[in-house]
Each structure stands twice: as C-alpha cells, then as structure tokens.
file work.txt (compact mmCIF, C-alpha atoms)
# COMPACT_ATOMS: atom_id res chain seq x y z
CA MET U 1205 88.38 125.56 92.91
CA PHE U 1206 85.57 128.12 93.08
CA ASP U 1207 84.12 126.57 96.21
CA ARG U 1208 87.06 127.81 98.28
CA LEU U 1209 87.29 131.37 96.94
CA PRO U 1210 86.23 133.96 99.51
CA LEU U 1211 83.35 135.60 97.66
CA PRO U 1212 80.65 137.93 99.02
CA SER U 1213 77.49 135.95 99.70
CA GLN U 1214 75.47 137.69 96.97
CA PHE U 1215 77.87 136.31 94.29
CA ASP U 1216 76.54 133.13 92.74
CA ARG U 1217 79.46 130.73 92.51
CA THR U 1218 78.11 129.04 89.39
CA ILE U 1219 77.86 132.35 87.59
CA VAL U 1220 81.35 133.41 88.68
CA ALA U 1221 82.80 130.09 87.56
CA GLY U 1222 80.98 130.22 84.22
CA GLY U 1223 82.01 133.80 83.59
CA THR U 1224 85.65 133.00 84.39
CA VAL U 1225 85.68 130.04 82.02
CA VAL U 1226 84.05 132.06 79.23
CA ALA U 1227 86.50 134.93 79.75
CA LEU U 1228 89.48 132.54 79.70
CA VAL U 1229 88.26 131.10 76.38
CA ALA U 1230 87.19 134.41 74.82
CA LEU U 1231 90.15 136.62 75.74
CA PRO U 1232 92.85 134.72 73.78
CA VAL U 1233 90.58 134.54 70.73
CA VAL U 1234 89.86 138.28 70.83
CA LEU U 1235 93.54 139.12 71.40
CA VAL U 1236 94.73 136.90 68.53
CA LEU U 1237 92.11 138.38 66.19
CA LEU U 1238 93.01 141.95 67.18
CA ALA U 1239 96.71 141.20 66.64
CA LEU U 1240 95.96 139.78 63.19
CA LEU U 1241 93.78 142.79 62.39
CA PHE U 1242 96.47 145.31 63.32
CA ALA U 1243 99.09 143.28 61.44
CA ASP U 1244 96.81 143.59 58.36
CA GLN U 1245 96.54 139.83 58.02
CA ILE U 1246 92.72 139.87 58.07
CA SER U 1247 90.14 142.52 57.22
CA ALA U 1248 87.68 143.92 59.76
CA ALA U 1249 84.83 141.90 58.19
CA GLU U 1250 86.86 138.72 58.54
CA MET U 1251 87.58 139.55 62.16
CA VAL U 1252 83.83 139.89 62.83
CA PHE U 1253 83.29 136.61 60.99
CA PHE U 1254 85.82 134.75 63.13
CA LEU U 1255 84.40 136.24 66.33
CA ALA U 1256 80.89 135.11 65.35
CA ALA U 1257 82.22 131.70 64.28
CA THR U 1258 83.91 131.27 67.66
CA VAL U 1259 80.69 132.14 69.47
CA ILE U 1260 78.70 129.76 67.25
CA LEU U 1261 81.03 126.79 67.58
CA ALA U 1262 81.63 127.27 71.32
CA GLY U 1263 77.90 127.57 71.94
CA ALA U 1264 77.18 124.53 69.77
CA LEU U 1265 79.77 122.44 71.61
CA GLY U 1266 78.33 123.64 74.90
CA SER U 1267 74.79 122.74 73.91
CA VAL U 1268 75.73 119.18 72.89
CA LEU U 1269 78.25 118.49 75.67
CA LEU U 1270 77.04 120.20 78.86
CA PRO U 1271 75.39 117.78 81.32
CA ASN U 1272 73.15 120.49 82.84
CA VAL U 1273 70.20 120.86 80.45
CA VAL U 1274 69.48 124.52 81.25
CA HIS U 1275 73.12 125.42 80.62
CA ALA U 1276 72.86 123.56 77.31
CA ALA U 1277 69.75 125.57 76.36
CA LEU U 1278 71.46 128.83 77.26
CA SER U 1279 74.53 128.04 75.16
CA LEU U 1280 72.11 127.30 72.32
CA VAL U 1281 71.09 130.98 72.65
CA ALA U 1282 74.73 132.01 72.11
CA THR U 1283 74.88 129.88 68.96
CA LEU U 1284 71.64 131.26 67.54
CA LEU U 1285 72.64 134.88 68.18
CA GLY U 1286 76.01 134.19 66.53
CA VAL U 1287 74.13 132.80 63.53
CA ALA U 1288 72.17 136.08 63.40
CA GLY U 1289 75.54 137.87 63.26
CA ILE U 1290 76.59 135.67 60.33
CA TYR U 1291 73.34 136.60 58.55
CA LEU U 1292 74.19 140.28 59.03
CA LEU U 1293 77.63 139.66 57.52
CA LEU U 1294 75.87 138.05 54.55
CA LEU U 1295 73.89 141.28 54.01
CA THR U 1296 70.51 139.82 54.96
CA GLU U 1297 69.22 142.04 57.75
CA PHE U 1298 65.66 140.72 57.54
CA ILE U 1299 66.64 137.08 58.15
CA ALA U 1300 68.90 138.18 61.02
CA LEU U 1301 65.97 139.99 62.66
CA VAL U 1302 63.67 136.99 62.15
CA GLN U 1303 66.36 134.73 63.61
CA VAL U 1304 66.66 136.83 66.77
CA LEU U 1305 62.87 137.17 67.14
CA VAL U 1306 61.87 133.57 66.43
CA TYR U 1307 64.79 131.71 67.99
CA GLY U 1308 66.00 134.06 70.70
CA GLY U 1309 62.50 135.03 71.69
CA GLY U 1310 60.32 132.04 70.93
CA VAL U 1311 62.01 128.71 70.42
CA VAL U 1312 64.49 128.94 73.31
CA ILE U 1313 61.82 130.10 75.75
CA LEU U 1314 59.64 127.17 74.62
CA LEU U 1315 62.57 124.77 75.12
CA LEU U 1316 63.22 126.16 78.60
CA PHE U 1317 59.53 125.80 79.49
CA ALA U 1318 59.58 122.18 78.37
CA LEU U 1319 62.81 121.51 80.26
CA MET U 1320 61.35 122.91 83.45
CA LEU U 1321 57.97 121.20 83.05
CA THR U 1322 59.53 117.78 82.46
CA ASN U 1323 62.48 117.83 84.88
CA VAL U 1324 64.66 116.20 82.24
CA ALA U 1325 68.25 115.24 83.02
CA ASP U 1326 70.85 113.86 80.64
CA ASP U 1327 72.54 111.88 83.38
CA PRO U 1328 75.27 109.51 82.19
CA VAL U 1329 74.90 107.49 85.40
CA VAL U 1330 71.25 106.64 84.79
CA SER U 1331 71.68 105.38 81.23
CA ASP U 1332 75.03 104.50 79.76
CA GLY U 1333 76.72 106.75 77.22
CA SER U 1334 78.08 103.89 75.14
CA GLN U 1335 76.98 105.52 71.87
CA LYS U 1336 79.01 108.69 72.49
CA PRO U 1337 82.41 107.56 71.06
CA PHE U 1338 80.72 106.13 67.98
CA ALA U 1339 78.68 109.30 67.55
CA MET U 1340 81.86 111.36 67.81
CA ILE U 1341 83.64 109.26 65.16
CA VAL U 1342 80.71 109.36 62.74
CA ALA U 1343 80.22 113.13 63.20
CA ALA U 1344 83.94 113.78 62.68
CA ILE U 1345 83.99 111.68 59.50
CA MET U 1346 80.88 113.46 58.20
CA GLY U 1347 82.19 116.94 58.99
CA SER U 1348 85.59 116.31 57.39
CA LEU U 1349 83.87 114.82 54.33
CA PHE U 1350 81.73 117.97 53.93
CA ILE U 1351 84.76 120.22 54.32
CA ALA U 1352 86.83 118.17 51.86
CA VAL U 1353 84.07 118.35 49.24
CA MET U 1354 83.63 122.10 49.75
CA LEU U 1355 87.34 122.82 49.42
CA ASP U 1356 87.48 120.66 46.32
CA ALA U 1357 84.61 122.39 44.51
CA GLN U 1358 85.04 125.29 42.09
CA TRP U 1359 82.88 128.21 43.19
CA GLY U 1360 83.24 130.35 40.06
CA ASN U 1361 83.45 134.08 40.64
CA PRO U 1362 81.32 134.80 43.68
CA ALA U 1363 80.05 138.34 44.02
CA ALA U 1364 77.87 139.50 46.86
CA THR U 1365 74.44 140.84 45.93
CA LEU U 1366 71.71 141.93 48.23
CA VAL U 1367 67.95 142.37 48.23
CA PRO U 1368 66.96 145.78 49.60
CA PHE U 1369 65.02 145.57 52.83
CA SER U 1370 62.09 147.50 51.32
CA GLU U 1371 61.69 145.04 48.44
CA PHE U 1372 61.66 141.93 50.59
CA GLY U 1373 58.02 141.95 51.66
CA ALA U 1374 56.71 142.86 48.21
CA ARG U 1375 58.74 140.13 46.53
CA ILE U 1376 57.92 137.39 49.02
CA PHE U 1377 54.17 137.94 48.58
CA ARG U 1378 54.38 138.39 44.80
CA ASP U 1379 56.81 135.64 43.75
CA PHE U 1380 56.30 133.16 46.60
CA SER U 1381 52.65 133.62 47.55
CA ILE U 1382 51.68 129.91 47.32
CA PRO U 1383 54.60 128.71 49.51
CA VAL U 1384 53.77 131.42 52.06
CA ILE U 1385 50.16 130.19 52.23
CA VAL U 1386 51.32 126.57 52.55
CA VAL U 1387 53.70 127.49 55.38
CA ALA U 1388 50.90 129.41 57.12
CA ILE U 1389 48.63 126.35 56.95
CA LEU U 1390 51.49 124.15 58.19
CA LEU U 1391 52.06 126.44 61.20
CA ASP U 1392 48.36 126.44 61.98
CA ILE U 1393 48.11 122.65 61.85
CA ALA U 1394 51.30 122.15 63.86
CA LEU U 1395 50.24 124.49 66.67
CA THR U 1396 46.74 122.99 66.81
CA GLY U 1397 48.31 119.54 66.98
CA ALA U 1398 50.67 120.65 69.75
CA PHE U 1399 47.74 122.04 71.72
CA VAL U 1400 45.66 118.87 71.32
CA ASN U 1401 48.64 116.68 72.17
CA ALA U 1402 49.72 118.55 75.28
CA ARG U 1403 46.30 118.56 76.96
CA THR U 1404 46.09 116.41 80.05
CA ALA U 1405 43.95 113.28 79.99
CA GLU U 1406 41.41 114.89 82.35
CA GLU U 1407 41.06 117.94 80.12
CA ALA U 1408 40.62 115.73 77.07
CA SER U 1409 37.98 113.52 78.68
CA GLU U 1410 36.06 116.30 80.44
CA PRO U 1411 33.46 116.99 77.69
CA ARG U 1412 32.74 113.28 77.35
CA THR U 1413 31.95 112.84 81.06
CA GLU U 1414 29.64 115.84 80.88
CA GLU U 1415 27.82 114.26 77.97
CA ALA U 1416 27.55 111.00 79.87
CA ALA U 1417 26.19 112.83 82.90
CA ALA U 1418 23.64 114.63 80.76
CA MET G 200 85.46 140.23 50.97
CA ILE G 201 85.14 137.04 53.01
CA PRO G 202 85.59 133.92 50.84
CA ILE G 203 82.46 131.77 50.59
CA GLU G 204 84.44 128.74 51.84
CA ASN G 205 84.58 130.29 55.33
CA PHE G 206 80.80 130.23 55.64
CA LEU G 207 80.55 126.73 54.20
CA ILE G 208 83.18 125.33 56.57
CA LEU G 209 81.49 126.99 59.54
CA SER G 210 78.18 125.49 58.45
CA ALA G 211 79.75 122.02 57.98
CA LEU G 212 81.26 122.14 61.48
CA LEU G 213 77.97 123.30 62.99
CA PHE G 214 76.09 120.52 61.18
CA ALA G 215 78.59 117.89 62.39
CA ILE G 216 78.29 119.13 65.99
CA GLY G 217 74.50 119.01 65.77
CA PHE G 218 74.65 115.52 64.28
CA TYR G 219 76.86 114.39 67.16
CA GLY G 220 74.31 115.82 69.58
CA VAL G 221 71.42 114.00 67.89
CA MET G 222 73.25 110.69 68.17
CA ALA G 223 74.83 111.10 71.62
CA ARG G 224 72.04 112.72 73.65
CA ARG G 225 69.27 110.63 75.16
CA SER G 226 66.78 113.24 76.33
CA ALA G 227 64.25 114.11 73.63
CA ILE G 228 64.49 117.86 74.32
CA LEU G 229 68.28 117.87 74.01
CA ILE G 230 68.00 115.96 70.72
CA LEU G 231 65.58 118.66 69.57
CA MET G 232 68.14 121.34 70.46
CA SER G 233 70.77 119.53 68.39
CA VAL G 234 68.33 119.39 65.48
CA GLU G 235 68.02 123.17 65.80
CA LEU G 236 71.81 123.41 65.40
CA MET G 237 71.66 121.34 62.20
CA LEU G 238 68.82 123.50 60.82
CA ALA G 239 70.80 126.66 61.57
CA ALA G 240 73.76 125.20 59.66
CA VAL G 241 71.54 124.50 56.66
CA ALA G 242 70.10 128.03 56.77
CA ILE G 243 73.62 129.52 56.82
CA ASN G 244 74.39 127.49 53.69
CA PHE G 245 71.22 128.68 51.92
CA ILE G 246 71.96 132.32 52.66
CA ALA G 247 75.65 132.07 51.76
CA PHE G 248 74.76 130.57 48.37
CA ALA G 249 72.01 133.14 47.82
CA THR G 250 74.29 136.07 48.59
CA TYR G 251 77.39 134.86 46.75
CA LEU G 252 76.25 132.76 43.81
CA ASP G 253 72.71 133.83 42.90
CA ALA G 254 72.48 137.04 40.89
CA ASP G 255 68.88 137.42 42.01
CA ALA G 256 69.80 136.65 45.64
CA PHE G 257 66.25 135.95 46.69
CA SER G 258 65.24 132.26 46.52
CA GLY G 259 67.85 131.30 49.13
CA LEU G 260 66.53 133.91 51.54
CA VAL G 261 62.98 132.59 51.16
CA PHE G 262 64.19 129.05 51.79
CA ALA G 263 66.06 130.17 54.92
CA LEU G 264 62.94 131.97 56.11
CA PHE G 265 60.89 128.80 55.58
CA VAL G 266 63.52 126.72 57.40
CA ILE G 267 63.15 129.04 60.41
CA THR G 268 59.34 128.89 60.25
CA VAL G 269 59.18 125.11 59.93
CA ALA G 270 61.72 124.74 62.76
CA ALA G 271 59.50 126.85 65.02
CA ALA G 272 56.44 124.73 64.14
CA GLU G 273 58.45 121.55 64.69
CA VAL G 274 59.62 122.67 68.13
CA GLY G 275 56.08 123.53 69.19
CA LEU G 276 54.68 120.19 68.06
CA ALA G 277 57.58 118.11 69.38
CA LEU G 278 57.49 119.74 72.80
CA GLY G 279 53.77 118.94 73.01
CA ILE G 280 54.60 115.30 72.30
CA VAL G 281 57.46 115.31 74.85
CA LEU G 282 55.16 116.77 77.52
CA ARG G 283 52.59 114.07 76.77
CA LEU G 284 55.27 111.36 76.92
CA TYR G 285 56.58 112.72 80.22
CA ARG G 286 53.09 112.76 81.70
CA GLU G 287 52.40 109.15 80.70
CA ARG G 288 55.83 107.65 81.38
CA ARG G 289 57.63 110.08 83.74
CA THR G 290 60.56 110.17 81.33
CA ALA G 291 61.76 112.05 78.28
CA ASN G 292 64.48 109.53 77.49
CA VAL G 293 64.07 108.37 73.90
CA ASP G 294 65.57 104.96 74.71
CA GLU G 295 62.61 104.25 76.96
CA ALA G 296 59.93 105.46 74.53
CA ASP G 297 59.95 102.25 72.53
CA SER G 298 56.30 101.24 72.15
CA LEU G 299 53.71 102.71 69.82
CA LYS G 300 50.81 101.98 72.17
CA TRP G 301 50.47 101.09 75.84

call {"tool": "encode", "arguments": {"input": "work.txt", "output": "structure tokens"}}
result
Amino acid sequence: MFDRLPLPSQFDRTIVAGGTVVALVALPVVLVLLALLFADQISAAEMVFFLAATVILAGALGSVLLPNVVHAALSLVATLLGVAGIYLLLLTEFIALVQVLVYGGGVVILLLFALMLTNVADDPVVSDGSQKPFAMIVAAIMGSLFIAVMLDAQWGNPAATLVPFSEFGARIFRDFSIPVIVVAILLDIALTGAFVNARTAEEASEPRTEEAAA
Amino acid sequence: MIPIENFLILSALLFAIGFYGVMARRSAILILMSVELMLAAVAINFIAFATYLDADAFSGLVFALFVITVAAAEVGLALGIVLRLYRERRTANVDEADSLKW
C-alpha cells in the first residue's frame, strides 16, 4: 500500500509505514483511556499505568514476532522504557533511572552491535518454524496459569511505601555490602570472559607465534 | 491507588511473551532479547511486591537492581559467545550449534 503513495523522495517509506501503523494502534488506546478518565472510571495513575502497559506489551509482541531483527531490537527499547515508566509508578525512581541507563543505553546498543556484526536473520524460509504453534500454546497456558494463581491469591492489605532517594545508596552499601561486592566480581569476570571469548583466532594466537619466532 | 494485581498480570503477560520468544526464535541474539523480556517481567514483580507488601520496601529493590546488573553481564558474555560462534560457523542459529567441539 505504501509503495504506491506519492511521497517526497526524502520520506523513508519504511518509517512512514511504521509510524502509520503505530499511530493506528496507539490512537484508539489513548482515546479510550482519555474517555474513561473523563468519565471518572479510572484515576490518572491508572491511565498512566494502562498507557505504559500498552507500550510494554506492544513492544514485547513486536520484539518476539517481527521478522526484521533490527526492528525487533528497537521494539525491545519501547518495552524497556515502558518498564521504566512502571518503576516510576511504583515509586522507585532510582531503579527507573538505572533501567533507562543500563538497558536503553547499554544493553540495546550492545545487541544492535552484535546484530550488525553477525548479519543474523530470523528467516522462516531458511529453517522451518514448526515449533512456533507449540511455543504459542505453551506460553498461553503458562501465562493464563500465572494470572489465575495471582487472581486467586489473597494479597492482604497492600499499602505503598517508598525508600527515599537519598537513603538508597547508604542502605545498599550498609545492609547489602557483601552482595554488592559479589555482583561487582561477577561483572568483572563476565566482561573479562566476553573479551577473551570475542577475540579473533589470530589475535589469540599472536603472542604464541612471537614466542615461537623468538 | 492501582491494585497490585494490575502489575502482576502485566508481569505475567510479559513473561509469557518472552517465553514464547525463547521457544519460537532460532537466532541466538533474538533468544537473548526474549530472555531480557522475561527478566524485566521478574524485576517488575520484585518491585511491585517490595512497594506494596514489604513495610521496609528495600530488599525487593536490591533484588531488582541485581537482576538488571546480572542481565547486563549476561548480555555482554553471551554476545561474545555469539560473535565467536558466528566467526567459526557463519551462523547464529541455535539449531545449528549442536556440537561441543569441532
């Protein structure tokens, strides 16, 4: 459909098509939520929650269903930013900031680098997708089981509490100092291992040939 | 106040979608992305329980922080392995990576 539209040449057709699809999905959701808000059916916080939940679930579906791997990685960004919004709703600003910094800034860029260095494609023509229906059934059963158990449980009298931002650093290094050290060592080992693993064979064997030559 | 069930249902749906991705995708990097979705679902659960049900409201936050840290380490290490696999085999398809040594 978008191939035939008369667009100026500087408009990327993929971007226009993607933007149109996103707008067609997002507009009804926003309109329904606004209508519910003005009809006093939901509070403003709940409206923000449902907006973030829509972004999260749409991004998650995009990142497991899209055939183009870069599009999948970019919809993963939408999911992770929506999760940061959920953290803000749960009164944990620090975790939301860490989420945006580590995932939005680090992990997704790393994933995109790996995608572009390996030229990966998830092409259903190359290898068959026979496991997809079974995967869908198992995931649906698992998700509905989780939801059934959660709705069945008694949650007591929940009341929101929050840790002040200024206390967070002091408490994490006072009450959880050993786990913090363990995680630091784990990160160190993992990144060293990644570096050693990702070296090319020539780089790895270079010192040995020099020794042999000497 | 938003009921805690909303967060738990969102997290269950996100976990199920990530689980579907892990089982249905064949490229190692896309499986890794689906694992990230599952970890995010778990972190939402930790923080929802910490905020709503824990009077101290701190242990859950620390666990969520560690989940994020370990996920970052895991991605770095796994992408190193995928790059190595791609260099040796010209593929990142997990169905084809079926031998321990070659």

call {"tool": "closest_residue", "arguments": {"input": "work.txt", "among": "G:Ile280, G:Ile228, G:Leu260, G:Val269", "to": "U:Val1273", "atoms": "only C-alpha atoms"}}
result
G:Ile228

call {"tool": "interface_residues", "arguments": {"input": "work.txt", "of": "chain G", "to": "chain U", "cutoff": "6 Å", "atoms": "all atoms listed in the file", "output": "list in words"}}
result
Ile208, Ala211, Leu212, Ala215, Tyr219, Gly220, Met222, Ala223, Ser226, Thr250, Tyr251, Leu252, Ala272, Leu276, Gly279 and Arg283 of chain G

call {"tool": "write_last_selection", "arguments": {"input": "work.txt", "atoms": "C-alpha atoms", "output": "compact mmCIF listing (two decimals), in the frame of the given file"}}
result
# COMPACT_ATOMS: atom_id res chain seq x y z
CA ILE G 208 83.18 125.33 56.57
CA ALA G 211 79.75 122.02 57.98
CA LEU G 212 81.26 122.14 61.48
CA ALA G 215 78.59 117.89 62.39
CA TYR G 219 76.86 114.39 67.16
CA GLY G 220 74.31 115.82 69.58
CA MET G 222 73.25 110.69 68.17
CA ALA G 223 74.83 111.10 71.62
CA SER G 226 66.78 113.24 76.33
CA THR G 250 74.29 136.07 48.59
CA TYR G 251 77.39 134.86 46.75
CA LEU G 252 76.25 132.76 43.81
CA ALA G 272 56.44 124.73 64.14
CA LEU G 276 54.68 120.19 68.06
CA GLY G 279 53.77 118.94 73.01
CA ARG G 283 52.59 114.07 76.77

call {"tool": "axis_aligned_box", "arguments": {"input": "work.txt", "around": "stretch 1290-1300 of chain U", "padding_each_side": "6 Å", "output": "lines of an AutoDock Vina configuration file"}}
result
center_x = 71.6
center_y = 138.9
center_z = 57.5
size_x = 24.0
size_y = 18.4
size_z = 19.0

call {"tool": "residues_around", "arguments": {"input": "work.txt", "residues": "G:Leu231", "least_positions_apart": "3", "cutoff": "10 Å", "atoms": "all atoms listed in the file", "output": "ChimeraX atom specification"}}
result
/U:1315 /G:217,220-221,224,226-228,234-237,270,273-274,277-278

call {"tool": "write_last_selection", "arguments": {"input": "work.txt", "atoms": "C-alpha atoms", "output": "PDB file, in the frame of the given file"}}
result
ATOM      1  CA  LEU U1315      62.570 124.770  75.120  1.00  0.00           C
TER       2      LEU U1315
ATOM      3  CA  GLY G 217      74.500 119.010  65.770  1.00  0.00           C
ATOM      4  CA  GLY G 220      74.310 115.820  69.580  1.00  0.00           C
ATOM      5  CA  VAL G 221      71.420 114.000  67.890  1.00  0.00           C
ATOM      6  CA  ARG G 224      72.040 112.720  73.650  1.00  0.00           C
ATOM      7  CA  SER G 226      66.780 113.240  76.330  1.00  0.00           C
ATOM      8  CA  ALA G 227      64.250 114.110  73.630  1.00  0.00           C
ATOM      9  CA  ILE G 228      64.490 117.860  74.320  1.00  0.00           C
ATOM     10  CA  VAL G 234      68.330 119.390  65.480  1.00  0.00           C
ATOM     11  CA  GLU G 235      68.020 123.170  65.800  1.00  0.00           C
ATOM     12  CA  LEU G 236      71.810 123.410  65.400  1.00  0.00           C
ATOM     13  CA  MET G 237      71.660 121.340  62.200  1.00  0.00           C
ATOM     14  CA  ALA G 270      61.720 124.740  62.760  1.00  0.00           C
ATOM     15  CA  GLU G 273      58.450 121.550  64.690  1.00  0.00           C
ATOM     16  CA  VAL G 274      59.620 122.670  68.130  1.00  0.00           C
ATOM     17  CA  ALA G 277      57.580 118.110  69.380  1.00  0.00           C
ATOM     18  CA  LEU G 278      57.490 119.740  72.800  1.00  0.00           C
TER      19      LEU G 278
END

call {"tool": "atom_distance", "arguments": {"input": "work.txt", "atom1": "atom CA of G:Ile246", "atom2": "atom CA of G:Phe214"}}
result
15.1 Å

call {"tool": "residues_around", "arguments": {"input": "work.txt", "residues": "G:Arg288", "least_positions_apart": "5", "cutoff": "12 Å", "atoms": "only C-alpha atoms", "output": "PDB file with C-alpha atoms, keeping the file's coordinate frame"}}
result
ATOM      1  CA  THR U1322      59.530 117.780  82.460  1.00  0.00           C
TER       2      THR U1322
ATOM      3  CA  ILE G 280      54.600 115.300  72.300  1.00  0.00           C
ATOM      4  CA  VAL G 281      57.460 115.310  74.850  1.00  0.00           C
ATOM      5  CA  LEU G 282      55.160 116.770  77.520  1.00  0.00           C
ATOM      6  CA  ARG G 283      52.590 114.070  76.770  1.00  0.00           C
ATOM      7  CA  VAL G 293      64.070 108.370  73.900  1.00  0.00           C
ATOM      8  CA  GLU G 295      62.610 104.250  76.960  1.00  0.00           C
ATOM      9  CA  ALA G 296      59.930 105.460  74.530  1.00  0.00           C
ATOM     10  CA  ASP G 297      59.950 102.250  72.530  1.00  0.00           C
ATOM     11  CA  SER G 298      56.300 101.240  72.150  1.00  0.00           C
ATOM     12  CA  LYS G 300      50.810 101.980  72.170  1.00  0.00           C
ATOM     13  CA  TRP G 301      50.470 101.090  75.840  1.00  0.00           C
TER      14      TRP G 301
END

call {"tool": "atom_distance", "arguments": {"input": "work.txt", "atom1": "atom CA of G:Ser233", "atom2": "atom CA of G:Ile216"}}
result
7.9 Å

call {"tool": "closest_residue", "arguments": {"input": "work.txt", "among": "U:Met1320, U:Gly1286, U:Leu1301, U:Glu1371", "to": "G:Ala240", "atoms": "only C-alpha atoms"}}
result
U:Gly1286

call {"tool": "atom_distance", "arguments": {"input": "work.txt", "atom1": "atom CA of G:Asp253", "atom2": "atom CA of G:Ile201"}}
result
16.3 Å

call {"tool": "decode", "arguments": {"input": "work.txt", "residues": "stretch 1372-1390 of chain U", "atoms": "N, CA and C atoms", "output": "CSV table (one decimal), in the first residue's frame"}}
result
chain,number,residue,atom,x,y,z
U,1372,PHE,N,19.0,5.6,49.6
U,1372,PHE,CA,19.2,4.3,48.9
U,1372,PHE,C,20.6,3.9,48.9
U,1373,GLY,N,21.5,4.8,48.5
U,1373,GLY,CA,22.9,4.5,48.4
U,1373,GLY,C,23.5,4.1,49.8
U,1374,ALA,N,23.1,4.8,50.8
U,1374,ALA,CA,23.7,4.5,52.2
U,1374,ALA,C,23.2,3.1,52.6
U,1375,ARG,N,21.9,2.8,52.3
U,1375,ARG,CA,21.4,1.5,52.7
U,1375,ARG,C,22.0,0.3,51.9
U,1376,ILE,N,22.2,0.6,50.6
U,1376,ILE,CA,22.6,-0.6,49.8
U,1376,ILE,C,24.1,-0.9,50.2
U,1377,PHE,N,24.9,0.1,50.6
U,1377,PHE,CA,26.3,-0.3,51.0
U,1377,PHE,C,26.4,-0.7,52.4
U,1378,ARG,N,25.4,-0.4,53.3
U,1378,ARG,CA,25.4,-0.8,54.7
U,1378,ARG,C,24.8,-2.2,54.8
U,1379,ASP,N,23.6,-2.4,54.3
U,1379,ASP,CA,22.9,-3.6,54.6
U,1379,ASP,C,23.2,-4.7,53.6
U,1380,PHE,N,23.7,-4.3,52.4
U,1380,PHE,CA,23.9,-5.3,51.3
U,1380,PHE,C,25.3,-5.2,50.8
U,1381,SER,N,26.3,-5.0,51.7
U,1381,SER,CA,27.6,-4.8,51.1
U,1381,SER,C,28.2,-6.0,50.5
U,1382,ILE,N,28.0,-7.2,51.1
U,1382,ILE,CA,28.6,-8.4,50.6
U,1382,ILE,C,28.0,-8.8,49.2
U,1383,PRO,N,26.6,-8.7,49.0
U,1383,PRO,CA,26.1,-9.0,47.7
U,1383,PRO,C,26.6,-8.0,46.7
U,1384,VAL,N,26.8,-6.7,47.0
U,1384,VAL,CA,27.3,-5.7,46.1
U,1384,VAL,C,28.7,-6.1,45.6
U,1385,ILE,N,29.5,-6.6,46.6
U,1385,ILE,CA,30.9,-7.0,46.2
U,1385,ILE,C,30.8,-8.2,45.3
U,1386,VAL,N,29.9,-9.2,45.6
U,1386,VAL,CA,29.8,-10.4,44.8
U,1386,VAL,C,29.4,-10.0,43.4
U,1387,VAL,N,28.4,-9.1,43.3
U,1387,VAL,CA,28.0,-8.7,41.9
U,1387,VAL,C,29.1,-8.0,41.2
U,1388,ALA,N,29.9,-7.2,41.9
U,1388,ALA,CA,31.0,-6.5,41.2
U,1388,ALA,C,32.0,-7.5,40.6
U,1389,ILE,N,32.3,-8.6,41.5
U,1389,ILE,CA,33.2,-9.6,41.0
U,1389,ILE,C,32.6,-10.3,39.8
U,1390,LEU,N,31.3,-10.6,39.9
U,1390,LEU,CA,30.6,-11.3,38.8
U,1390,LEU,C,30.7,-10.5,37.5
